[in-house]
Amino acid sequence: MSKYWLMKSEPGAYSIDDLEKDGQTFWDGVRNYQARNFMRDEMKVGDSVLFYHSNTAPPGVIGLAKVVREGYPDHTACDPNDIHYDPKASPTNPRWYMVDIEFEEKFSQIFELSQLREVKELQKMVLLNRSRLSVQPVSPAEFKKIVRLARTTKK
DNA sequence: GCCAACGTTGGC
DNA sequence: GCCAACGTTGGC
């Protein structure tokens, strides 16, 4: 039984276009324990991901990705030259984890946060209630609803 | 660029 | 283990 997730990225740092070009990527740099736990413990190969552009105008869900490798240590935490370096992490005590995801689809237009807020069935989404979590679970019903709306809604 | 929300750190 | 200070996220 595969699960559904939402992952945020600032497009200036890593966008859906970057993912499409790369094909797949490792999701490094997450330094929040709850988000880490999802990646380390719960995300499985084959799980589906809503790719969300944050801190941009407008923010919203921009496409889909798929988990292709389960949680493993985020090596950038041990690299003093990396922007996400964490002196408390080490190869024997990695502290931070990441997954690999693969590009699946870019929507023809972004499905904006403001549009998500207007959908009755999405009012309980983590995104709308705990806005700062950068890796978060999405229910199957929420996932399907968003994908359908994103593919069919015309602005 | 502002700033509210909120997660993390560290002194006690 | 509390909680004030601090840093970051992310919408606007």
# chains A, B, ... in the order shown; residues from 1 in each chain; ligands from 1
$ select_by_dssp --residues "chain A" --states "strand (DSSP E)" --output "ChimeraX atom specification"
/A:4-9,24-26,48-53,60-73,97-112,135-138
$ residues_around --residues "range 22-29 of chain A" --least-positions-apart "2" --cutoff "6 Å" --atoms "only C-alpha atoms (C1' of nucleotides)" --output "list in words"
Leu19, Glu20, Asp74, His84, Met98, Val99, Asp100, Ile101, Glu102 and Phe103 of chain A
$ closest_atom_pairs --of "chain A" --to "chain B" --cutoff "9 Å" --atoms "only C-alpha atoms (C1' of nucleotides)" --output "Markdown table"
| residue | atom | partner | partner_atom | distance |
| --- | --- | --- | --- | --- |
| A:Asn32 | CA | B:DG7 | C1' | 7.9 |
| A:Ser131 | CA | B:DA5 | C1' | 9.0 |
| A:Arg132 | CA | B:DC6 | C1' | 8.0 |
$ atom_distance --atom1 "CA of Glu70 in chain A" --atom2 "CA of Phe38 in chain A"
10.4 Å
$ select_by_dssp --residues "chain A" --states "helix (DSSP H, G or I)" --output "ChimeraX atom specification"
/A:16-22,33-42,75-78,113-117,120-122,126-129,140-152
$ residues_around --residues "Lys144 in chain A" --least-positions-apart "6" --cutoff "12 Å" --atoms "only C-alpha atoms (C1' of nucleotides)" --output "list in words"
Lys3, Tyr4, Trp5, Ser48, Val49, Leu50, Leu64, Glu121, Leu122, Val138, Ala150 and Arg151 of chain A
$ atom_distance --atom1 "CA of Lys120 in chain A" --atom2 "CA of Lys154 in chain A"
18.4 Å
$ residues_around --residues "Ser9 in chain A" --least-positions-apart "2" --cutoff "9 Å" --atoms "only C-alpha atoms (C1' of nucleotides)" --output "VMD selection string"
chain A and resid 7 11 to 16 51 to 55 134
